[in-house]
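What follows is a short report on a single structure.
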Amino acid sequence: MGWKQLALAAFAATGLAVCGAAAADDASSAEQAASAPPAPIPPKLEYAFTIELELEPGLYLGPTPNGAERIAVYIRKGTVSGPMLHGTVVPMSGGDWARKRPDGVLDFDARYVLKLDDGSLVYMQNSGYRWASAETMAKLSRHEEVPISDYYMRVTPRFEVQKGANDWLMRYVFVGVAEKTPTGNRINYYIVR
């Protein structure tokens with residue numbers, strides 16, 4: 001056998017070995033995929049209610065040594081409506097003590113009281129974030145109308161309520177998709193199932 005024939009035989013053997021290794025890797029990957037646990041079940045969201053808030057003008061405390069700014073905004077009034085909850089927001093029962101971080105993100109810390117149609121009082125605490133481009137954030141701070149698709153504003157509430165018909169609020173996780181309105185905020189809340 002000449003050197004060309006030896007080289008071709010060696011090349012063919014190497015190619016077969018590589019193909020065999022690739023086939024073995026594919027078989028191994030298929031076996032791993034078959035034995036992997038199934039993908040987790042994603043949560044379902046169910047619309048629960050909407051809170052519309054009318055806010056007082058904000059009190060800007062200015063920058064702090066840690067680089068953040070604190071903004072205090074009191075709640076003038078509001079309504080609660082939807083398939084699972086109805087009532088009002090107790091006027092001046094609280095507000096939002098948001099912190100504007102150095103990266104421009106608004107970090108919410110809102111606390112206020114709801115009065116439901118059955119007379120129950122509900123303490124509500126919201127935390128979450130609002131962020132967008134600097135231009136959009138400036139428009140929002142001037143109370144200009146901005147499409148909700150131009151900014152991110154999401155919250156997660158927690159509730160405290162007397163034992164009884166409305167204590168289901170204390171057994172579920174909720175998420176809120178919020179939007180700025182000319183006079184305050186509108187937040188649509190969903191139960192995470």
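Labeling convention for the structure tokens: chains A, B, ... as they appear, residues from 1 per chain, ligands from 1 in order of appearance.
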
Which neighbours of A:Thr183 fall inside 9 Å, counting only C-alpha atoms, when residues of the same chain fewer than 4 positions from it are skipped, and could you give them as a ChimeraX atom specification? /A:53-56,143

For A:Met170, find every residue with an atom within 12 Å (counting only C-alpha atoms), except residues of its own chain fewer than 5 positions away, and show them as a PyMOL selection string. chain A and resi 122-125+157-165+191

For the residues in that selection, give me N, CA and C atoms as a PDB file, in the first residue's frame.
ATOM      1  N   VAL A 122     -58.929  46.987  54.920  1.00  0.00           N
ATOM      2  CA  VAL A 122     -57.811  46.159  54.464  1.00  0.00           C
ATOM      3  C   VAL A 122     -56.561  47.033  54.413  1.00  0.00           C
ATOM      4  N   TYR A 123     -55.540  46.624  55.155  1.00  0.00           N
ATOM      5  CA  TYR A 123     -54.233  47.282  55.043  1.00  0.00           C
ATOM      6  C   TYR A 123     -53.527  46.681  53.842  1.00  0.00           C
ATOM      7  N   MET A 124     -52.976  47.544  52.998  1.00  0.00           N
ATOM      8  CA  MET A 124     -52.316  47.096  51.768  1.00  0.00           C
ATOM      9  C   MET A 124     -50.926  47.699  51.701  1.00  0.00           C
ATOM     10  N   GLN A 125     -49.959  46.864  51.358  1.00  0.00           N
ATOM     11  CA  GLN A 125     -48.594  47.337  51.153  1.00  0.00           C
ATOM     12  C   GLN A 125     -48.133  46.877  49.779  1.00  0.00           C
ATOM     13  N   PRO A 157     -48.336  43.285  45.879  1.00  0.00           N
ATOM     14  CA  PRO A 157     -48.959  43.722  47.130  1.00  0.00           C
ATOM     15  C   PRO A 157     -49.008  42.617  48.182  1.00  0.00           C
ATOM     16  N   ARG A 158     -49.170  43.059  49.411  1.00  0.00           N
ATOM     17  CA  ARG A 158     -49.474  42.180  50.538  1.00  0.00           C
ATOM     18  C   ARG A 158     -50.630  42.828  51.288  1.00  0.00           C
ATOM     19  N   PHE A 159     -51.463  41.994  51.880  1.00  0.00           N
ATOM     20  CA  PHE A 159     -52.662  42.494  52.549  1.00  0.00           C
ATOM     21  C   PHE A 159     -52.732  41.995  53.982  1.00  0.00           C
ATOM     22  N   GLU A 160     -53.397  42.787  54.815  1.00  0.00           N
ATOM     23  CA  GLU A 160     -53.793  42.355  56.156  1.00  0.00           C
ATOM     24  C   GLU A 160     -55.255  42.721  56.316  1.00  0.00           C
ATOM     25  N   VAL A 161     -56.043  41.746  56.737  1.00  0.00           N
ATOM     26  CA  VAL A 161     -57.483  41.949  56.885  1.00  0.00           C
ATOM     27  C   VAL A 161     -57.983  41.053  58.011  1.00  0.00           C
ATOM     28  N   GLN A 162     -59.057  41.495  58.634  1.00  0.00           N
ATOM     29  CA  GLN A 162     -59.660  40.719  59.716  1.00  0.00           C
ATOM     30  C   GLN A 162     -60.094  39.340  59.214  1.00  0.00           C
ATOM     31  N   LYS A 163     -60.045  38.377  60.091  1.00  0.00           N
ATOM     32  CA  LYS A 163     -60.491  37.027  59.733  1.00  0.00           C
ATOM     33  C   LYS A 163     -61.951  37.079  59.294  1.00  0.00           C
ATOM     34  N   GLY A 164     -62.243  36.401  58.184  1.00  0.00           N
ATOM     35  CA  GLY A 164     -63.616  36.404  57.685  1.00  0.00           C
ATOM     36  C   GLY A 164     -63.658  36.287  56.173  1.00  0.00           C
ATOM     37  N   ALA A 165     -64.637  36.950  55.579  1.00  0.00           N
ATOM     38  CA  ALA A 165     -64.938  36.774  54.155  1.00  0.00           C
ATOM     39  C   ALA A 165     -63.815  37.223  53.224  1.00  0.00           C
ATOM     40  N   ILE A 191     -54.218  37.465  40.521  1.00  0.00           N
ATOM     41  CA  ILE A 191     -53.817  36.382  41.426  1.00  0.00           C
ATOM     42  C   ILE A 191     -52.897  35.444  40.660  1.00  0.00           C
TER      43      ILE A 191
END

Pick from A:Thr79, A:Ser127, A:Thr64, A:Thr156 nearest to A:Ala98, counting only C-alpha atoms: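 Among A:Thr79, A:Ser127, A:Thr64, A:Thr156, it is A:Ser127 that comes nearest to A:Ala98.
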
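Take the candidates A:Val80, A:Val105, A:Ala138, A:Ile75 and check each one against A:Ser93 using only C-alpha atoms; the shortest distance goes to A:Ile75.
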
For A:Thr136, list every protein, DNA or RNA residue within 9 Å, evaluated using only C-alpha atoms, and leave out those in the same chain fewer than 6 positions away; present the list as a PyMOL selection string. chain A and resi 146+150-151

Taking the backbone alone, and naming residues the way the document does, which bits of stretch 47-144 of chain A are alpha helix (DSSP H) by DSSP, as a VMD selection string? chain A and resid 134 to 141

Store the residues picked out above, limited to N, CA and C atoms, as a JSON list (two decimals), in the first residue's frame.
[["chain", "number", "residue", "atom", "x", "y", "z"],
["A", 134, "ALA", "N", -34.60, 57.89, 30.23],
["A", 134, "ALA", "CA", -34.58, 59.15, 30.98],
["A", 134, "ALA", "C", -35.65, 60.10, 30.44],
["A", 135, "GLU", "N", -35.82, 60.12, 29.13],
["A", 135, "GLU", "CA", -36.81, 61.01, 28.50],
["A", 135, "GLU", "C", -38.23, 60.63, 28.93],
["A", 136, "THR", "N", -38.53, 59.34, 28.91],
["A", 136, "THR", "CA", -39.87, 58.88, 29.30],
["A", 136, "THR", "C", -40.11, 59.13, 30.79],
["A", 137, "MET", "N", -39.11, 58.87, 31.64],
["A", 137, "MET", "CA", -39.27, 59.12, 33.08],
["A", 137, "MET", "C", -39.54, 60.60, 33.34],
["A", 138, "ALA", "N", -38.88, 61.47, 32.58],
["A", 138, "ALA", "CA", -39.11, 62.91, 32.74],
["A", 138, "ALA", "C", -40.54, 63.28, 32.35],
["A", 139, "LYS", "N", -41.04, 62.69, 31.27],
["A", 139, "LYS", "CA", -42.43, 62.94, 30.86],
["A", 139, "LYS", "C", -43.41, 62.47, 31.94],
["A", 140, "LEU", "N", -43.15, 61.28, 32.50],
["A", 140, "LEU", "CA", -44.03, 60.76, 33.55],
["A", 140, "LEU", "C", -44.02, 61.66, 34.78],
["A", 141, "SER", "N", -42.87, 62.19, 35.14],
["A", 141, "SER", "CA", -42.80, 63.07, 36.31],
["A", 141, "SER", "C", -43.51, 64.40, 36.07]]

Report the distance between atom CA of A:Gly58 and atom CA of A:Ser81 in Å, rounded to one decimal place.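 Taking atom CA of A:Gly58 as the start and atom CA of A:Ser81 as the end point, the length is 25.4 Å.
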
Please determine, counting only C-alpha atoms, which residue among A:Gly94, A:Pro83, A:Gly184, A:Gly104 has the shortest atom-to-atom distance to A:Glu52.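 Closest to A:Glu52 of all the choices is A:Gly184.
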
When distances are computed from only C-alpha atoms, which of A:Ala132, A:Val192, A:Leu45, A:Leu61 shows the smallest separation from A:Arg171?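 Of A:Ala132, A:Val192, A:Leu45, A:Leu61, the one nearest A:Arg171, counting only C-alpha atoms, is A:Val192.
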
Residues within 8 Å of A:Asp96, only C-alpha atoms, excluding chain neighbours under 4 positions, as a list of chain:residue names: A:Ile71, A:Ala72, A:Val73, A:Tyr74, A:Ile75, A:Phe108, A:Asp109, A:Ala110, A:Arg111

Write a file of the just-selected residues containing C-alpha atoms, as a PDB file, in the first residue's frame.
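So out_20.pdb came out as:
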ATOM      1  CA  ILE A  71     -40.253  61.033  47.239  1.00  0.00           C
ATOM      2  CA  ALA A  72     -43.333  61.059  49.502  1.00  0.00           C
ATOM      3  CA  VAL A  73     -46.701  60.960  47.718  1.00  0.00           C
ATOM      4  CA  TYR A  74     -49.959  60.823  49.713  1.00  0.00           C
ATOM      5  CA  ILE A  75     -53.143  59.255  48.409  1.00  0.00           C
ATOM      6  CA  PHE A 108     -41.990  51.811  45.436  1.00  0.00           C
ATOM      7  CA  ASP A 109     -42.947  51.416  49.094  1.00  0.00           C
ATOM      8  CA  ALA A 110     -46.670  52.223  49.229  1.00  0.00           C
ATOM      9  CA  ARG A 111     -48.964  51.614  52.218  1.00  0.00           C
TER      10      ARG A 111
END

If we count only C-alpha atoms, what is near A:Asn188 at a cut-off of 9 Å, once residues fewer than 6 positions away on the same chain are taken out, given as a list of chain:residue names?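 Counting only the stated atoms, we get A:Tyr47, A:Ala48, A:Phe49, A:Thr50, A:Ile51, A:Glu52, A:Val175, A:Gly176, A:Val177, A:Ala178, A:Glu179.
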
Counting only C-alpha atoms, figure out which residue out of A:Lys180, A:Arg70, A:Arg154, A:Lys44 gets nearest to A:Asn126.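 Comparing A:Lys180, A:Arg70, A:Arg154, A:Lys44 against A:Asn126, the winner is A:Arg154.
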
With distances taken over only C-alpha atoms, which of A:Tyr60, A:Trp97, A:Tyr112, A:Trp168 is nearest to A:Gly128? A:Trp97

In Å, rounded to a single decimal, give me how far atom CA of A:Asp103 is from atom CA of A:Tyr129. 12.0 Å

If we count only C-alpha atoms and set the cut-off at 9 Å, which residues sit around A:Pro102, ignoring sequence neighbours fewer than 5 positions away in its own chain? Please answer as a count of residues only. 4

To one decimal place, how far is atom CA of A:Ile148 from atom CA of A:Arg193 in Å?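 Separating atom CA of A:Ile148 from atom CA of A:Arg193 is a distance of 24.9 Å.
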